[in-house]
file entry_8.cif (mmCIF, C-alpha atoms)
data_target
#
loop_
_atom_site.label_atom_id
_atom_site.label_comp_id
_atom_site.auth_asym_id
_atom_site.auth_seq_id
_atom_site.Cartn_x
_atom_site.Cartn_y
_atom_site.Cartn_z
CA MET W 1 79.10 77.63 88.60
CA THR W 2 80.80 77.28 85.24
CA LYS W 3 79.25 77.38 81.80
CA SER W 4 79.16 73.58 81.63
CA GLU W 5 77.35 73.45 84.98
CA LEU W 6 74.88 76.01 83.70
CA ILE W 7 74.35 73.81 80.63
CA ASP W 8 73.71 70.76 82.84
CA ALA W 9 71.26 72.71 85.00
CA VAL W 10 69.34 74.02 81.95
CA ALA W 11 69.23 70.50 80.44
CA GLN W 12 67.73 69.08 83.64
CA ARG W 13 65.35 71.93 84.22
CA SER W 14 64.00 72.03 80.66
CA ARG W 15 64.23 68.28 80.05
CA ILE W 16 66.37 68.55 76.93
CA THR W 17 69.64 66.83 76.09
CA LYS W 18 72.93 68.32 77.19
CA SER W 19 73.99 68.94 73.62
CA ARG W 20 70.78 70.89 72.91
CA ALA W 21 71.20 72.81 76.16
CA GLU W 22 74.77 73.59 75.15
CA GLN W 23 73.56 75.04 71.84
CA VAL W 24 70.99 77.14 73.69
CA VAL W 25 73.41 78.52 76.30
CA ASN W 26 76.05 79.24 73.65
CA CYS W 27 73.47 81.00 71.50
CA VAL W 28 72.40 83.19 74.44
CA PHE W 29 75.95 84.42 75.13
CA ASP W 30 76.91 84.61 71.45
CA SER W 31 73.95 86.87 70.68
CA MET W 32 74.75 89.01 73.71
CA THR W 33 78.38 89.30 72.59
CA GLN W 34 77.29 90.27 69.08
CA ALA W 35 74.99 92.98 70.42
CA LEU W 36 77.82 94.42 72.53
CA GLU W 37 80.20 94.26 69.55
CA LYS W 38 77.75 96.45 67.65
CA GLY W 39 77.86 98.85 70.56
CA GLU W 40 74.28 97.93 71.46
CA GLY W 41 73.11 97.65 75.06
CA ILE W 42 71.29 94.60 76.41
CA GLU W 43 68.41 94.68 78.84
CA ILE W 44 67.31 91.51 80.62
CA ARG W 45 64.34 92.22 82.87
CA GLY W 46 64.88 90.98 86.39
CA PHE W 47 68.54 90.27 85.74
CA GLY W 48 70.30 93.42 84.68
CA SER W 49 71.56 95.41 81.75
CA PHE W 50 74.79 95.63 79.82
CA THR W 51 76.03 98.80 78.20
CA VAL W 52 79.15 99.60 76.22
CA ARG W 53 81.22 102.38 77.69
CA HIS W 54 83.69 104.33 75.62
CA TYR W 55 86.93 105.39 77.21
CA LYS W 56 89.19 108.04 75.74
CA ALA W 57 92.90 107.49 75.33
CA TYR W 58 94.92 108.34 78.41
CA ASN W 59 98.40 107.97 79.75
CA GLY W 60 98.71 105.11 82.19
CA ARG W 61 101.72 103.76 83.96
CA ASN W 62 103.42 100.42 84.03
CA PRO W 63 102.79 99.51 87.68
CA ARG W 64 106.06 97.61 87.87
CA THR W 65 108.44 100.15 86.39
CA GLY W 66 106.45 103.35 86.91
CA LYS W 67 107.05 104.26 83.28
CA PRO W 68 104.23 106.15 81.55
CA VAL W 69 102.44 104.08 78.90
CA PRO W 70 99.98 105.54 76.41
CA VAL W 71 96.64 103.70 76.60
CA PRO W 72 94.57 103.95 73.40
CA GLU W 73 90.84 104.63 73.42
CA LYS W 74 88.77 101.54 74.20
CA ARG W 75 85.28 100.17 74.68
CA LEU W 76 84.38 98.12 77.72
CA PRO W 77 81.21 96.24 78.59
CA PHE W 78 79.55 97.42 81.78
CA PHE W 79 76.95 95.48 83.76
CA LYS W 80 74.34 97.08 85.96
CA VAL W 81 72.51 94.60 88.16
CA GLY W 82 68.70 94.70 87.98
CA LYS W 83 66.59 95.54 91.01
CA GLU W 84 65.18 92.04 91.43
CA LEU W 85 68.56 90.31 91.25
CA LYS W 86 70.18 92.95 93.43
CA GLU W 87 67.65 92.17 96.15
CA LEU W 88 67.97 88.40 95.64
CA VAL W 89 71.74 88.56 96.08
CA ASN W 90 71.44 90.64 99.23
CA GLN W 91 68.42 88.88 100.78
CA THR W 92 70.38 86.98 103.43
CA PRO W 93 72.10 89.35 105.83
CA VAL W 94 75.87 89.42 105.66
CA PRO W 95 77.27 87.73 108.78
CA THR W 96 79.42 90.15 110.72
CA GLY W 97 83.07 89.34 111.06
CA THR W 98 83.42 87.29 107.89
CA GLU W 99 83.00 89.99 105.31
CA GLY W 100 86.65 90.75 104.84
CA GLU W 101 87.06 89.25 101.39
CA ASP W 102 85.97 92.05 99.14
CA GLY W 103 88.23 94.44 97.34
CA GLY W 104 90.84 91.95 96.27
CA ALA W 105 91.09 90.84 92.68
CA THR W 106 89.50 87.49 92.06
CA ASP W 107 90.50 85.86 88.83
CA MET I 1 68.76 94.02 72.70
CA THR I 2 66.08 92.53 74.91
CA LYS I 3 65.13 89.02 75.94
CA ALA I 4 62.75 88.87 72.97
CA GLU I 5 65.67 89.14 70.52
CA ILE I 6 67.61 86.42 72.33
CA ILE I 7 64.50 84.22 72.08
CA ASP I 8 64.36 84.92 68.34
CA ALA I 9 68.02 83.95 68.01
CA ILE I 10 67.36 80.61 69.76
CA TYR I 11 64.33 80.02 67.55
CA GLU I 12 66.17 80.85 64.33
CA LYS I 13 69.77 79.79 64.91
CA VAL I 14 69.43 76.77 67.18
CA GLY I 15 66.13 75.69 65.68
CA GLY I 16 63.92 72.74 66.52
CA PHE I 17 62.05 74.64 69.23
CA SER I 18 58.78 76.52 69.06
CA LYS I 19 58.80 80.21 69.96
CA LYS I 20 57.22 79.30 73.27
CA GLU I 21 59.85 76.67 73.99
CA ALA I 22 62.61 79.10 73.01
CA ALA I 23 61.15 81.63 75.44
CA GLU I 24 61.03 79.04 78.22
CA LEU I 25 64.64 78.06 77.56
CA VAL I 26 65.91 81.64 77.73
CA GLU I 27 63.93 82.04 80.94
CA ALA I 28 65.52 78.83 82.28
CA VAL I 29 69.02 80.13 81.53
CA PHE I 30 68.54 83.41 83.38
CA ASP I 31 66.52 81.88 86.23
CA THR I 32 69.24 79.28 86.82
CA MET I 33 71.85 82.03 86.91
CA LYS I 34 69.75 84.12 89.29
CA GLU I 35 69.20 81.24 91.70
CA ASN I 36 72.89 80.41 91.65
CA LEU I 37 73.86 84.03 92.38
CA ALA I 38 71.21 84.30 95.10
CA GLU I 39 73.07 81.49 96.88
CA GLY I 40 76.20 83.61 96.75
CA ASP I 41 77.94 81.42 94.19
CA LYS I 42 79.80 83.02 91.29
CA ILE I 43 79.21 82.19 87.62
CA LYS I 44 82.07 81.80 85.19
CA ILE I 45 81.12 81.92 81.52
CA SER I 46 84.25 81.32 79.50
CA GLY I 47 84.53 83.75 76.61
CA PHE I 48 82.03 86.15 78.19
CA GLY I 49 82.88 86.94 81.78
CA ASN I 50 82.41 86.21 85.46
CA PHE I 51 79.53 87.26 87.68
CA VAL I 52 80.85 87.50 91.21
CA VAL I 53 78.99 88.13 94.47
CA ARG I 54 81.07 90.39 96.67
CA GLU I 55 80.59 90.96 100.36
CA LYS I 56 80.96 94.60 101.26
CA LYS I 57 81.77 95.72 104.76
CA GLU I 58 79.76 98.32 106.58
CA ARG I 59 81.04 101.80 105.83
CA THR I 60 80.08 105.40 106.29
CA GLY I 61 78.77 107.22 103.28
CA ARG I 62 77.73 110.82 102.93
CA ASN I 63 74.66 112.59 101.78
CA PRO I 64 76.12 114.36 98.76
CA GLN I 65 73.78 117.33 99.25
CA THR I 66 74.28 118.01 102.93
CA GLY I 67 77.56 116.21 103.57
CA ALA I 68 75.96 114.49 106.55
CA PRO I 69 77.45 111.04 107.27
CA ILE I 70 75.11 108.07 106.72
CA PRO I 71 75.99 104.52 107.76
CA ILE I 72 75.92 102.06 104.83
CA SER I 73 75.23 98.56 106.11
CA ALA I 74 77.22 95.47 105.16
CA ARG I 75 75.78 93.98 101.99
CA ARG I 76 76.26 91.60 99.11
CA VAL I 77 76.62 93.08 95.67
CA LEU I 78 76.93 91.53 92.24
CA THR I 79 79.79 92.53 89.97
CA PHE I 80 80.58 91.50 86.42
CA LYS I 81 84.12 91.11 85.19
CA PRO I 82 84.24 90.81 81.40
CA SER I 83 86.56 88.17 79.97
CA GLN I 84 89.56 89.17 77.88
CA VAL I 85 87.85 87.51 74.89
CA LEU I 86 84.84 89.82 75.23
CA LYS I 87 87.02 92.87 75.76
CA ASN I 88 89.01 92.04 72.64
CA ALA I 89 85.80 91.52 70.66
CA LEU I 90 84.79 95.09 71.54
CA ASN I 91 88.20 96.45 70.53
CA PRO I 92 89.09 94.87 67.19
CA HIS I 93 91.63 97.60 66.38
CA LYS I 94 93.34 97.49 69.74
CA GLU I 95 96.78 96.50 68.47
CA ARG I 96 96.80 99.13 65.73
CA LEU I 97 95.61 101.85 68.16
CA LYS I 98 98.26 100.80 70.63
CA ARG I 99 101.00 101.12 68.01
CA GLU I 100 99.68 104.52 66.96
CA ALA I 101 99.52 105.72 70.56
CA MET I 102 103.09 104.56 71.13
CA ALA I 103 104.23 106.33 67.95
CA ALA I 104 102.42 109.55 68.86
CA ASP I 105 103.87 109.38 72.34
CA GLY I 106 107.37 109.11 70.94
CA GLU I 107 106.92 112.28 68.91
CA GLY I 108 107.35 114.57 71.85
CA GLY I 109 105.92 115.90 75.05
CA ASP I 110 102.38 116.23 76.21
CA PRO I 111 101.07 119.57 74.90
CA SER I 112 98.22 119.78 77.39
CA GLY I 113 99.11 121.49 80.64
CA SER I 114 102.06 119.63 82.00
CA ALA I 115 102.96 122.74 83.99
CA GLY I 116 103.98 120.57 86.85
CA GLU I 117 104.11 120.65 90.56
CA GLY I 118 103.52 123.64 92.68
#
call {"tool": "encode", "arguments": {"input": "entry_8.cif", "output": "structure tokens"}}
result
Amino acid sequence: MTKSELIDAVAQRSRITKSRAEQVVNCVFDSMTQALEKGEGIEIRGFGSFTVRHYKAYNGRNPRTGKPVPVPEKRLPFFKVGKELKELVNQTPVPTGTEGEDGGATD
Amino acid sequence: MTKAEIIDAIYEKVGGFSKKEAAELVEAVFDTMKENLAEGDKIKISGFGNFVVREKKERTGRNPQTGAPIPISARRVLTFKPSQVLKNALNPHKERLKREAMAADGEGGDPSGSAGEG
């Protein structure tokens, strides 16, 4: 599901126009982004929580050349899934033999 | 920040909705996302990040206290991968820090215990 599909679903569900639903969905993620920018955590009951984690500077490596690269300190958003959603996601048992897709980077 | 503050933002910034309607809309957004994820489908919010359901294989864990092996069953877990836009928003001085780190790195060796292999 993409953001535009989420907008369509919210419009249908709440019986509002798509352009209103778009404003609503954008406002939700904009306010969440602003909170994280301020270093503030977000807690959505039943969904999960977001926190900002601070990472100190460290020396990484260019994976291609192996050369050491200094990595400056940074802040990263971190999501912890809520209990209810965690259970919802895992409610149907994972079929054996087809679960080989994890681990790889999905972009 | 809690859901209540997001509801306030909808009420004040989007406008045209009552507080109750704003609350129902925020509920609709998260409920839709939850239902979608429950079906195992990922959610891609451009500018924010992706919520991805990952299937984990069965593996053996350990009781950290006793060291006894415990089987961990196959399961689905939810992960969040923040978008580059969000990561950049949290690190407004990234480019400057990077330049400084590069400059400091050029000034000489690592003073902290680089004693080496042994």
call {"tool": "closest_residue", "arguments": {"input": "entry_8.cif", "among": "I:Phe51, I:Ile45, I:Ala103, I:Gly61", "to": "chain W", "atoms": "only C-alpha atoms"}}
result
I:Ile45
call {"tool": "atom_distance", "arguments": {"input": "entry_8.cif", "atom1": "CA of Ala38 (chain I)", "atom2": "CA of Val28 (chain W)"}}
result
20.7 Å
call {"tool": "atom_distance", "arguments": {"input": "entry_8.cif", "atom1": "CA of Ser19 (chain W)", "atom2": "CA of Ile7 (chain W)"}}
result
8.5 Å
call {"tool": "residues_near_point", "arguments": {"input": "entry_8.cif", "point": "(78.7, 76.0, 84.0)", "cutoff": "12 Å", "atoms": "only C-alpha atoms", "output": "list of chain:residue names"}}
result
W:Met1, W:Thr2, W:Lys3, W:Ser4, W:Glu5, W:Leu6, W:Ile7, W:Asp8, W:Ala9, W:Val10, W:Ala11, W:Lys18, W:Ala21, W:Glu22, W:Val25, W:Asn26, I:Val29, I:Thr32, I:Met33, I:Asn36, I:Asp41, I:Lys42, I:Ile43, I:Lys44, I:Ile45, I:Ser46, I:Gly49, I:Asn50, I:Phe51
call {"tool": "resolve_selection", "arguments": {"input": "entry_8.cif", "expression": "the PyMOL selection byres ((chain I and resi 5) around 12)", "output": "PyMOL selection string"}}
result
(chain W and resi 27-28+31-32+34-35+42-44) or (chain I and resi 1-4+6-13+19+22-23+26)
call {"tool": "atom_distance", "arguments": {"input": "entry_8.cif", "atom1": "CA of Asn90 (chain W)", "atom2": "CA of Arg76 (chain I)"}}
result
4.9 Å
call {"tool": "resolve_selection", "arguments": {"input": "entry_8.cif", "expression": "the PyMOL selection byres ((chain W and resi 82) around 10)", "output": "number ranges by chain"}}
result
W: 43-49, 79-81, 83-88; I: 78
call {"tool": "closest_residue", "arguments": {"input": "entry_8.cif", "among": "I:His93, I:Arg75, I:Lys20, I:Arg59", "to": "chain W", "atoms": "all atoms listed in the file"}}
result
I:Arg75
call {"tool": "residues_near_point", "arguments": {"input": "entry_8.cif", "point": "(76.9, 91.1, 95.8)", "cutoff": "6 Å", "atoms": "only C-alpha atoms", "output": "ChimeraX atom specification"}}
result
/W:89 /I:53-55,76-78
call {"tool": "write_last_selection", "arguments": {"input": "entry_8.cif", "atoms": "C-alpha atoms", "output": "CSV table (one decimal), in the frame of the given file"}}
result
chain,number,residue,atom,x,y,z
W,89,VAL,CA,71.7,88.6,96.1
I,53,VAL,CA,79.0,88.1,94.5
I,54,ARG,CA,81.1,90.4,96.7
I,55,GLU,CA,80.6,91.0,100.4
I,76,ARG,CA,76.3,91.6,99.1
I,77,VAL,CA,76.6,93.1,95.7
I,78,LEU,CA,76.9,91.5,92.2
call {"tool": "closest_residue", "arguments": {"input": "entry_8.cif", "among": "W:Val71, W:Val24, W:Ile16, W:Val52", "to": "Gly15 (chain I)", "atoms": "all atoms listed in the file"}}
result
W:Val24
call {"tool": "closest_residue", "arguments": {"input": "entry_8.cif", "among": "W:Glu37, W:Tyr58, W:Arg15, W:Arg20", "to": "chain I", "atoms": "only C-alpha atoms"}}
result
W:Glu37
call {"tool": "closest_residue", "arguments": {"input": "entry_8.cif", "among": "I:Pro92, I:Gly67, I:Gly16, I:Lys87", "to": "chain W", "atoms": "all atoms listed in the file"}}
result
I:Lys87
call {"tool": "resolve_selection", "arguments": {"input": "entry_8.cif", "expression": "the PyMOL selection byres ((chain I and resi 70) around 9)", "output": "list in words"}}
result
Arg59, Thr60, Gly61, Arg62, Asn63, Ala68, Pro69, Pro71 and Ile72 of chain I
call {"tool": "write_last_selection", "arguments": {"input": "entry_8.cif", "atoms": "C-alpha atoms", "output": "mmCIF file, in the coordinates of the input"}}
result
data_model
loop_
_atom_site.group_PDB
_atom_site.id
_atom_site.type_symbol
_atom_site.label_atom_id
_atom_site.label_comp_id
_atom_site.auth_asym_id
_atom_site.auth_seq_id
_atom_site.Cartn_x
_atom_site.Cartn_y
_atom_site.Cartn_z
ATOM 1 C CA ARG I 59 81.040 101.800 105.830
ATOM 2 C CA THR I 60 80.080 105.400 106.290
ATOM 3 C CA GLY I 61 78.770 107.220 103.280
ATOM 4 C CA ARG I 62 77.730 110.820 102.930
ATOM 5 C CA ASN I 63 74.660 112.590 101.780
ATOM 6 C CA ALA I 68 75.960 114.490 106.550
ATOM 7 C CA PRO I 69 77.450 111.040 107.270
ATOM 8 C CA PRO I 71 75.990 104.520 107.760
ATOM 9 C CA ILE I 72 75.920 102.060 104.830
#
call {"tool": "closest_residue", "arguments": {"input": "entry_8.cif", "among": "W:Arg64, W:Thr51, W:Lys56, W:Arg13", "to": "chain I", "atoms": "all atoms listed in the file"}}
result
W:Arg13
call {"tool": "build_atoms", "arguments": {"input": "entry_8.cif", "residues": "region 56-67 of chain I", "atoms": "all heavy atoms", "output": "PDB file, in the coordinates of the input"}}
result
ATOM      1  N   LYS I  56      80.432  93.287 100.924  1.00  0.00           N
ATOM      2  CA  LYS I  56      80.960  94.600 101.260  1.00  0.00           C
ATOM      3  C   LYS I  56      80.793  94.838 102.755  1.00  0.00           C
ATOM      4  O   LYS I  56      79.751  94.537 103.332  1.00  0.00           O
ATOM      5  CB  LYS I  56      80.208  95.706 100.500  1.00  0.00           C
ATOM      6  CG  LYS I  56      80.128  95.492  98.992  1.00  0.00           C
ATOM      7  CD  LYS I  56      81.459  95.539  98.331  1.00  0.00           C
ATOM      8  CE  LYS I  56      81.773  96.919  97.814  1.00  0.00           C
ATOM      9  NZ  LYS I  56      83.049  96.911  97.056  1.00  0.00           N
ATOM     10  N   LYS I  57      81.828  95.385 103.350  1.00  0.00           N
ATOM     11  CA  LYS I  57      81.770  95.720 104.760  1.00  0.00           C
ATOM     12  C   LYS I  57      80.907  96.947 104.983  1.00  0.00           C
ATOM     13  O   LYS I  57      80.709  97.741 104.065  1.00  0.00           O
ATOM     14  CB  LYS I  57      83.174  96.028 105.276  1.00  0.00           C
ATOM     15  CG  LYS I  57      84.035  94.818 105.470  1.00  0.00           C
ATOM     16  CD  LYS I  57      85.376  95.264 106.028  1.00  0.00           C
ATOM     17  CE  LYS I  57      86.468  94.404 105.426  1.00  0.00           C
ATOM     18  NZ  LYS I  57      87.789  94.870 105.700  1.00  0.00           N
ATOM     19  N   GLU I  58      80.482  97.106 106.224  1.00  0.00           N
ATOM     20  CA  GLU I  58      79.760  98.320 106.580  1.00  0.00           C
ATOM     21  C   GLU I  58      80.708  99.511 106.446  1.00  0.00           C
ATOM     22  O   GLU I  58      81.905  99.391 106.715  1.00  0.00           O
ATOM     23  CB  GLU I  58      79.318  98.198 108.040  1.00  0.00           C
ATOM     24  CG  GLU I  58      78.440  99.337 108.481  1.00  0.00           C
ATOM     25  CD  GLU I  58      78.132  99.225 109.963  1.00  0.00           C
ATOM     26  OE1 GLU I  58      77.311  98.361 110.318  1.00  0.00           O
ATOM     27  OE2 GLU I  58      78.712  99.989 110.740  1.00  0.00           O
ATOM     28  N   ARG I  59      80.186 100.616 105.946  1.00  0.00           N
ATOM     29  CA  ARG I  59      81.040 101.800 105.830  1.00  0.00           C
ATOM     30  C   ARG I  59      80.171 103.046 105.995  1.00  0.00           C
ATOM     31  O   ARG I  59      78.941 102.965 105.974  1.00  0.00           O
ATOM     32  CB  ARG I  59      81.767 101.824 104.492  1.00  0.00           C
ATOM     33  CG  ARG I  59      80.829 101.927 103.306  1.00  0.00           C
ATOM     34  CD  ARG I  59      81.578 101.741 102.001  1.00  0.00           C
ATOM     35  NE  ARG I  59      80.629 101.634 100.904  1.00  0.00           N
ATOM     36  CZ  ARG I  59      80.223 102.665 100.172  1.00  0.00           C
ATOM     37  NH1 ARG I  59      80.681 103.866 100.401  1.00  0.00           N
ATOM     38  NH2 ARG I  59      79.338 102.503  99.213  1.00  0.00           N
ATOM     39  N   THR I  60      80.825 104.157 106.139  1.00  0.00           N
ATOM     40  CA  THR I  60      80.080 105.400 106.290  1.00  0.00           C
ATOM     41  C   THR I  60      80.087 106.153 104.971  1.00  0.00           C
ATOM     42  O   THR I  60      81.143 106.446 104.425  1.00  0.00           O
ATOM     43  CB  THR I  60      80.708 106.265 107.390  1.00  0.00           C
ATOM     44  OG1 THR I  60      80.873 105.454 108.537  1.00  0.00           O
ATOM     45  CG2 THR I  60      79.825 107.442 107.729  1.00  0.00           C
ATOM     46  N   GLY I  61      78.890 106.431 104.497  1.00  0.00           N
ATOM     47  CA  GLY I  61      78.770 107.220 103.280  1.00  0.00           C
ATOM     48  C   GLY I  61      78.403 108.644 103.665  1.00  0.00           C
ATOM     49  O   GLY I  61      78.390 109.002 104.840  1.00  0.00           O
ATOM     50  N   ARG I  62      78.129 109.448 102.649  1.00  0.00           N
ATOM     51  CA  ARG I  62      77.730 110.820 102.930  1.00  0.00           C
ATOM     52  C   ARG I  62      76.599 111.230 102.026  1.00  0.00           C
ATOM     53  O   ARG I  62      76.561 110.852 100.864  1.00  0.00           O
ATOM     54  CB  ARG I  62      78.908 111.771 102.694  1.00  0.00           C
ATOM     55  CG  ARG I  62      79.689 112.003 103.950  1.00  0.00           C
ATOM     56  CD  ARG I  62      80.891 112.865 103.743  1.00  0.00           C
ATOM     57  NE  ARG I  62      81.863 112.576 104.788  1.00  0.00           N
ATOM     58  CZ  ARG I  62      81.733 112.993 106.056  1.00  0.00           C
ATOM     59  NH1 ARG I  62      80.688 113.705 106.418  1.00  0.00           N
ATOM     60  NH2 ARG I  62      82.632 112.698 106.950  1.00  0.00           N
ATOM     61  N   ASN I  63      75.704 111.996 102.606  1.00  0.00           N
ATOM     62  CA  ASN I  63      74.660 112.590 101.780  1.00  0.00           C
ATOM     63  C   ASN I  63      75.357 113.650 100.922  1.00  0.00           C
ATOM     64  O   ASN I  63      75.902 114.609 101.449  1.00  0.00           O
ATOM     65  CB  ASN I  63      73.620 113.244 102.700  1.00  0.00           C
ATOM     66  CG  ASN I  63      72.526 113.935 101.900  1.00  0.00           C
ATOM     67  OD1 ASN I  63      72.757 114.416 100.799  1.00  0.00           O
ATOM     68  ND2 ASN I  63      71.344 113.979 102.470  1.00  0.00           N
ATOM     69  N   PRO I  64      75.357 113.450  99.602  1.00  0.00           N
ATOM     70  CA  PRO I  64      76.120 114.360  98.760  1.00  0.00           C
ATOM     71  C   PRO I  64      75.595 115.807  98.812  1.00  0.00           C
ATOM     72  O   PRO I  64      76.333 116.744  98.517  1.00  0.00           O
ATOM     73  CB  PRO I  64      75.970 113.769  97.350  1.00  0.00           C
ATOM     74  CG  PRO I  64      74.845 112.814  97.428  1.00  0.00           C
ATOM     75  CD  PRO I  64      74.711 112.391  98.850  1.00  0.00           C
ATOM     76  N   GLN I  65      74.334 115.979  99.214  1.00  0.00           N
ATOM     77  CA  GLN I  65      73.780 117.330  99.250  1.00  0.00           C
ATOM     78  C   GLN I  65      74.154 118.074 100.540  1.00  0.00           C
ATOM     79  O   GLN I  65      74.527 119.230 100.523  1.00  0.00           O
ATOM     80  CB  GLN I  65      72.263 117.271  99.138  1.00  0.00           C
ATOM     81  CG  GLN I  65      71.756 117.946  97.865  1.00  0.00           C
ATOM     82  CD  GLN I  65      70.628 117.157  97.249  1.00  0.00           C
ATOM     83  OE1 GLN I  65      69.685 116.775  97.927  1.00  0.00           O
ATOM     84  NE2 GLN I  65      70.725 116.891  95.964  1.00  0.00           N
ATOM     85  N   THR I  66      74.056 117.348 101.648  1.00  0.00           N
ATOM     86  CA  THR I  66      74.280 118.010 102.930  1.00  0.00           C
ATOM     87  C   THR I  66      75.654 117.685 103.527  1.00  0.00           C
ATOM     88  O   THR I  66      76.120 118.384 104.423  1.00  0.00           O
ATOM     89  CB  THR I  66      73.221 117.580 103.958  1.00  0.00           C
ATOM     90  OG1 THR I  66      73.407 116.179 104.220  1.00  0.00           O
ATOM     91  CG2 THR I  66      71.825 117.787 103.427  1.00  0.00           C
ATOM     92  N   GLY I  67      76.270 116.610 103.017  1.00  0.00           N
ATOM     93  CA  GLY I  67      77.560 116.210 103.570  1.00  0.00           C
ATOM     94  C   GLY I  67      77.427 115.440 104.868  1.00  0.00           C
ATOM     95  O   GLY I  67      78.418 115.060 105.484  1.00  0.00           O
TER      96      GLY I  67
END
